Amino acid sequence: MDANTLQRETSPDQLPQPLPPQELERARSSFSAWWSRQRRTTKRFNLALQGGGAHGAFTWGVLDALLEDPRPQFEGLSGSSAGAMNAVVLANGWLADGRDGARQALNDFWSAIGRQIPFGMVQGAGEAISLSPASKLIVGWAGHFTPAQLNPLDLDPLRTLLEQQIDFERLRSKSPFKLFVGATRANSGKLRVFRNAELSVDVLLASACLPKIHAPVEIDGEAFWDGGYSANPAIFPLFYDCQSTDNLLVLLSPLVRDATPDSVEAINTRIAELGFSAHFMREMRMFAHATDYSASGGFGLGRLDRRVRKTRFHMIDTSGIKSLQRSETKLLAHGPFLEMLRDQGRDC
């Protein structure tokens, strides 16, 4: 779909307005039609991968299905938080053994993530799986303390996992794709996009640093928090730094909720969703305005106008997937749950 199909607003100074249901359905249909054409070609496209904690396993499934087909080709991958993890793990695996290596790397990464939570901290199965009451109590209790108080030694199993599975030195010089990892400058709130030559374990940890759980990650003397606060994910690097004009957006935060939240938990969940989506929606609104503006220019289009008019965005929207509706499951690093999300991502 075109950029102006994805985002609509009532006036420039308002927050982005959600698409009407009929246009969301048209967006999904547009993706299906584009993907049917894409499978018959070898044209390259870019990937924009949202973060969402354990929900990133859904993106694992999407990527696994794309990698299973030999025809799709990637140029740029942009992501924040779990989206950045998926992008870098895919690139590292591809560097080792092409498509099969990328699939295996994603499987190894998420399988290891799925062993982080003991079975005793989880209850239920399938769509009903959730943290146990004791686990929820611990999570709520932990919110009253700073990361330094909870984890004075700053122990992080994810750091060890990334160091074991990703060859950052080789990836910095030989990455098969253009990688863009977003992180938020904790003191200014500004986005920093790290590119191939800057990749490190600290960059990935910074992109996934939730300040209530982890201490800020320091890079070049500056403290960083989760990239989702300033871009989830960043789209502009795919536009300016890549030749491909097709961009596949894998969204984990719902664009629209059917019901207005009325409980404390539902309100807090929606506030968090809006906070992590606002920058993405504003960026898409910018592309929509630019597309409309260039379309009214007539003859004599410049380089930027031509680029804007060629750019297309295609969306995988997870609004209707029940497994991703509960905020608490973003912390559910539990193998069976992650595998269920992977299967749903493959089938989307």
# chains A, B, ... in the order shown; residues from 1 in each chain; ligands from 1

call {"tool": "select_by_dssp", "arguments": {"residues": "stretch 47-117 of chain A", "states": "strand (DSSP E)", "output": "number ranges by chain"}}
result
A: 47-49, 73-80

call {"tool": "closest_residue", "arguments": {"among": "A:Lys330, A:Lys310, A:Arg195, A:Arg303", "to": "A:Asp241", "atoms": "only C-alpha atoms"}}
result
A:Arg195

call {"tool": "closest_residue", "arguments": {"among": "A:Leu238, A:Val250, A:Ile213, A:Leu324", "to": "A:Thr269", "atoms": "only C-alpha atoms"}}
result
A:Leu324

call {"tool": "residues_around", "arguments": {"residues": "stretch 102-111 of chain A", "least_positions_apart": "3", "cutoff": "10 Å", "atoms": "only C-alpha atoms", "output": "MDAnalysis selection string"}}
result
chainID A and resid 54 56:57 60:61 63:68 85:99 114:116 161:162 165:166 333:336 338:339 342

call {"tool": "write_last_selection", "arguments": {"atoms": "N, CA, C and O atoms", "output": "compact mmCIF listing (two decimals), in the first residue's frame"}}
result
# COMPACT_ATOMS: atom_id res chain seq x y z
N ALA A 54 8.97 -10.61 24.28
CA ALA A 54 8.75 -11.99 23.84
C ALA A 54 7.87 -12.06 22.61
O ALA A 54 7.92 -13.04 21.86
N GLY A 56 8.33 -10.67 20.02
CA GLY A 56 9.20 -10.71 18.86
C GLY A 56 9.30 -12.11 18.25
O GLY A 56 9.77 -12.25 17.11
N ALA A 57 8.88 -13.14 18.98
CA ALA A 57 8.88 -14.50 18.43
C ALA A 57 7.89 -14.61 17.28
O ALA A 57 8.06 -15.46 16.40
N TRP A 60 9.90 -13.72 14.41
CA TRP A 60 10.71 -14.90 14.10
C TRP A 60 9.98 -15.78 13.10
O TRP A 60 10.55 -16.22 12.10
N GLY A 61 8.70 -16.05 13.34
CA GLY A 61 7.92 -16.88 12.43
C GLY A 61 7.77 -16.26 11.05
O GLY A 61 7.87 -16.95 10.03
N LEU A 63 9.82 -14.13 9.62
CA LEU A 63 11.12 -14.21 8.96
C LEU A 63 11.44 -15.64 8.52
O LEU A 63 12.00 -15.86 7.44
N ASP A 64 11.06 -16.61 9.33
CA ASP A 64 11.32 -18.01 8.97
C ASP A 64 10.58 -18.38 7.69
O ASP A 64 11.14 -19.07 6.82
N ALA A 65 9.34 -17.90 7.55
CA ALA A 65 8.59 -18.18 6.33
C ALA A 65 9.21 -17.48 5.12
O ALA A 65 9.28 -18.06 4.03
N LEU A 66 9.69 -16.25 5.30
CA LEU A 66 10.34 -15.53 4.21
C LEU A 66 11.63 -16.23 3.79
O LEU A 66 11.93 -16.37 2.60
N LEU A 67 12.39 -16.70 4.77
CA LEU A 67 13.68 -17.34 4.49
C LEU A 67 13.50 -18.71 3.85
O LEU A 67 14.38 -19.19 3.14
N GLU A 68 12.38 -19.34 4.13
CA GLU A 68 12.13 -20.67 3.57
C GLU A 68 11.98 -20.63 2.06
O GLU A 68 12.28 -21.60 1.36
N MET A 85 17.03 -7.36 17.58
CA MET A 85 17.58 -8.70 17.82
C MET A 85 17.32 -9.60 16.63
O MET A 85 18.23 -10.29 16.14
N ASN A 86 16.09 -9.61 16.15
CA ASN A 86 15.75 -10.45 15.01
C ASN A 86 16.57 -10.09 13.78
O ASN A 86 17.06 -10.97 13.06
N ALA A 87 16.73 -8.80 13.53
CA ALA A 87 17.47 -8.35 12.34
C ALA A 87 18.93 -8.77 12.41
O ALA A 87 19.49 -9.30 11.44
N VAL A 88 19.57 -8.55 13.55
CA VAL A 88 21.00 -8.85 13.67
C VAL A 88 21.24 -10.35 13.71
O VAL A 88 22.20 -10.85 13.09
N VAL A 89 20.40 -11.10 14.40
CA VAL A 89 20.55 -12.56 14.43
C VAL A 89 20.38 -13.14 13.03
O VAL A 89 21.14 -14.02 12.60
N LEU A 90 19.39 -12.65 12.28
CA LEU A 90 19.19 -13.11 10.90
C LEU A 90 20.43 -12.84 10.05
O LEU A 90 20.92 -13.72 9.33
N ALA A 91 20.96 -11.62 10.13
CA ALA A 91 22.13 -11.26 9.32
C ALA A 91 23.34 -12.10 9.69
O ALA A 91 24.10 -12.54 8.82
N ASN A 92 23.53 -12.33 10.99
CA ASN A 92 24.67 -13.13 11.43
C ASN A 92 24.55 -14.58 10.93
O ASN A 92 25.54 -15.18 10.47
N GLY A 93 23.35 -15.14 10.99
CA GLY A 93 23.15 -16.50 10.50
C GLY A 93 23.32 -16.59 9.00
O GLY A 93 23.89 -17.57 8.49
N TRP A 94 22.84 -15.59 8.28
CA TRP A 94 22.99 -15.56 6.82
C TRP A 94 24.47 -15.51 6.44
O TRP A 94 24.90 -16.16 5.49
N LEU A 95 25.22 -14.76 7.19
CA LEU A 95 26.65 -14.64 6.93
C LEU A 95 27.34 -16.00 7.08
O LEU A 95 28.31 -16.30 6.37
N ALA A 96 26.83 -16.84 7.97
CA ALA A 96 27.44 -18.14 8.21
C ALA A 96 27.04 -19.17 7.16
O ALA A 96 27.88 -19.95 6.69
N ASP A 97 25.75 -19.18 6.78
CA ASP A 97 25.29 -20.24 5.88
C ASP A 97 24.03 -19.84 5.11
O ASP A 97 23.10 -20.64 4.98
N GLY A 98 23.98 -18.62 4.61
CA GLY A 98 22.87 -18.19 3.77
C GLY A 98 21.52 -18.31 4.47
O GLY A 98 21.41 -18.13 5.69
N ARG A 99 20.50 -18.61 3.69
CA ARG A 99 19.13 -18.68 4.22
C ARG A 99 19.01 -19.73 5.33
O ARG A 99 18.37 -19.50 6.36
N GLY A 114 13.70 -18.98 25.21
CA GLY A 114 12.59 -19.74 25.77
C GLY A 114 12.93 -20.57 26.99
O GLY A 114 12.03 -21.11 27.65
N ARG A 115 14.21 -20.67 27.30
CA ARG A 115 14.62 -21.42 28.50
C ARG A 115 14.87 -20.49 29.68
O ARG A 115 15.36 -20.94 30.72
N GLN A 116 14.53 -19.23 29.56
CA GLN A 116 14.83 -18.26 30.61
C GLN A 116 13.88 -18.34 31.80
O GLN A 116 14.25 -18.03 32.92
N LEU A 161 24.23 -14.54 26.10
CA LEU A 161 23.65 -15.23 24.94
C LEU A 161 24.09 -14.57 23.63
O LEU A 161 24.49 -15.26 22.67
N LEU A 162 24.01 -13.25 23.57
CA LEU A 162 24.39 -12.53 22.35
C LEU A 162 25.88 -12.71 22.05
O LEU A 162 26.27 -12.89 20.89
N GLN A 165 26.39 -16.18 20.54
CA GLN A 165 25.75 -16.54 19.27
C GLN A 165 26.08 -15.60 18.11
O GLN A 165 25.88 -15.97 16.95
N ILE A 166 26.56 -14.40 18.37
CA ILE A 166 26.75 -13.42 17.29
C ILE A 166 28.22 -13.03 17.18
O ILE A 166 28.85 -12.64 18.17
N ALA A 333 9.08 -15.20 28.40
CA ALA A 333 10.15 -15.86 27.65
C ALA A 333 10.11 -17.36 27.94
O ALA A 333 11.02 -17.93 28.55
N HIS A 334 9.05 -17.99 27.48
CA HIS A 334 8.75 -19.40 27.78
C HIS A 334 8.62 -20.15 26.47
O HIS A 334 7.84 -19.76 25.59
N GLY A 335 9.39 -21.23 26.32
CA GLY A 335 9.50 -21.94 25.05
C GLY A 335 8.18 -22.23 24.34
O GLY A 335 8.01 -21.85 23.18
N PRO A 336 7.21 -22.91 24.99
CA PRO A 336 5.96 -23.23 24.29
C PRO A 336 5.21 -22.00 23.79
O PRO A 336 4.62 -22.02 22.70
N LEU A 338 6.62 -19.04 22.95
CA LEU A 338 7.38 -18.49 21.83
C LEU A 338 7.18 -19.33 20.57
O LEU A 338 7.07 -18.78 19.46
N GLU A 339 7.12 -20.63 20.71
CA GLU A 339 6.90 -21.50 19.54
C GLU A 339 5.50 -21.30 18.97
O GLU A 339 5.31 -21.36 17.75
N ARG A 342 5.72 -18.16 16.99
CA ARG A 342 6.44 -18.43 15.74
C ARG A 342 5.52 -19.05 14.71
O ARG A 342 5.50 -18.63 13.54
